[in-house]
Every structure is written in structure tokens, then in C-alpha cells.
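Notes for the one structure printed next.
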Amino acid sequence: MQLDLALRMRVHTLMDAVAEADPAGVTDLTPGIRSLQIQADPSRLSQHELLAAVRQLVAALPPTDQLVVPSRRPPPPVLGRPGHP
């Protein structure tokens, strides 16, 4: 096994898509390196309905090489000001 950053980005994008779709009954999303755990309340959302919703979201994802995941650029370290240590 090895870390596949493209697959990790795809999992992250799928998690965002599920969160945005906000299917009734989904109670938790836990991303992994190569998987997404979706917890749902079966009294509100059947497994069949959840799988159908996730399949639609996966089909709508852009190709992996076109994914854009928000990130931030950390500020440069503060090295001190003239006359201060």
C-alpha cells in the first residue's frame, strides 16, 4: 500500500459533495486515505437510498486530474525585527 494523493483528493471532494447535498439521515462523514465512511440513521435513510445518492454524487465528480481542493498558504515565520531578538 502507498499513499495516493489523487485518490485522497477524490475522497475529500466526495465528502464535500455529500456534505453539500446533505441527505436526510446522514449523521457523520469520516474521510480516510482511500475511503469515506458515511454513517446514516436507517430509520430516515435506507442503505439503498444512500447508495443511490452516493453513486450520483460520484458520477458528478470531475475527473481526478481536474480536482481543486481549497488550501491555505501559511504565513512566513516571524524572524524578529531590527533591534529585537
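Residue numbering restarts at 1 in every chain; chains get A, B, ... in the order shown in the C-alpha cells, and ligands count up from 1 in that same order.
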What are the DSSP strand (DSSP E or B) residues of region 24-84 of chain A, as a compact mmCIF listing (two decimals) with N, CA and C atoms, in the first residue's frame?
```txt
# COMPACT_ATOMS: atom_id res chain seq x y z
N VAL A 26 -28.12 11.27 7.05
CA VAL A 26 -26.66 11.14 7.18
C VAL A 26 -26.26 11.84 8.48
N THR A 27 -25.57 11.08 9.34
CA THR A 27 -25.22 11.62 10.66
C THR A 27 -23.75 11.94 10.82
N ASP A 28 -22.88 11.33 10.01
CA ASP A 28 -21.45 11.59 10.15
C ASP A 28 -20.71 11.19 8.89
N LEU A 29 -19.66 11.93 8.58
CA LEU A 29 -18.77 11.62 7.46
C LEU A 29 -17.35 11.56 8.01
N THR A 30 -16.65 10.48 7.73
CA THR A 30 -15.27 10.32 8.19
C THR A 30 -14.39 9.95 7.01
N PRO A 31 -13.56 10.90 6.54
CA PRO A 31 -12.70 10.59 5.40
C PRO A 31 -11.48 9.79 5.83
N LEU A 36 -14.35 6.73 2.29
CA LEU A 36 -15.19 7.67 3.02
C LEU A 36 -16.22 6.86 3.79
N GLN A 37 -16.18 6.97 5.09
CA GLN A 37 -17.18 6.30 5.92
C GLN A 37 -18.36 7.25 6.08
N ILE A 38 -19.54 6.74 5.74
CA ILE A 38 -20.77 7.53 5.86
C ILE A 38 -21.67 6.82 6.85
N GLN A 39 -21.98 7.50 7.94
CA GLN A 39 -22.90 6.93 8.92
C GLN A 39 -24.26 7.57 8.68
N ALA A 40 -25.29 6.72 8.72
CA ALA A 40 -26.64 7.21 8.47
C ALA A 40 -27.62 6.53 9.41
```
Report summary line: Residue with the minimum atom-to-atom distance to Ile33 (chain A), picked from A:Arg72, A:Arg55, A:His12, A:His48 with only C-alpha atoms counted, is A:His12
**Report entry** Closest of A:Gly25, A:Gly32, A:Leu57, A:Glu20 to Leu3 (chain A) - atom-to-atom distances counting only C-alpha atoms
**Finding:** A:Gly32
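CA of Glu49 (chain A) is found 18.8 Å from CA of Leu61 (chain A).
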Report task. Run DSSP on the backbone and grab whatever in region 34-68 of chain A lands in alpha helix (DSSP H); send it over as a ChimeraX atom specification. Result -> /A:47-60
Generate a file of the selected residues that holds C-alpha atoms, formatted as a compact mmCIF listing (two decimals), in the first residue's frame.
```
# COMPACT_ATOMS: atom_id res chain seq x y z
CA GLN A 47 -28.98 1.77 2.57
CA HIS A 48 -30.41 1.55 -0.95
CA GLU A 49 -31.28 5.27 -0.99
CA LEU A 50 -27.87 6.21 0.43
CA LEU A 51 -26.01 4.14 -2.16
CA ALA A 52 -28.09 5.66 -4.96
CA ALA A 53 -27.34 9.18 -3.72
CA VAL A 54 -23.60 8.48 -3.35
CA ARG A 55 -23.44 6.90 -6.82
CA GLN A 56 -25.00 10.03 -8.32
CA LEU A 57 -22.52 12.26 -6.48
CA VAL A 58 -19.54 10.12 -7.57
CA ALA A 59 -20.73 10.24 -11.19
CA ALA A 60 -20.92 14.04 -11.00
```
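Candidate residues A:Ala24, A:Pro75, A:Leu67, A:Arg34 were compared for distance to Ser46 (chain A), and the nearest is A:Ala24, using only C-alpha atoms.
Going from CA of Ala6 (chain A) to CA of Ser35 (chain A) covers 12.3 Å.
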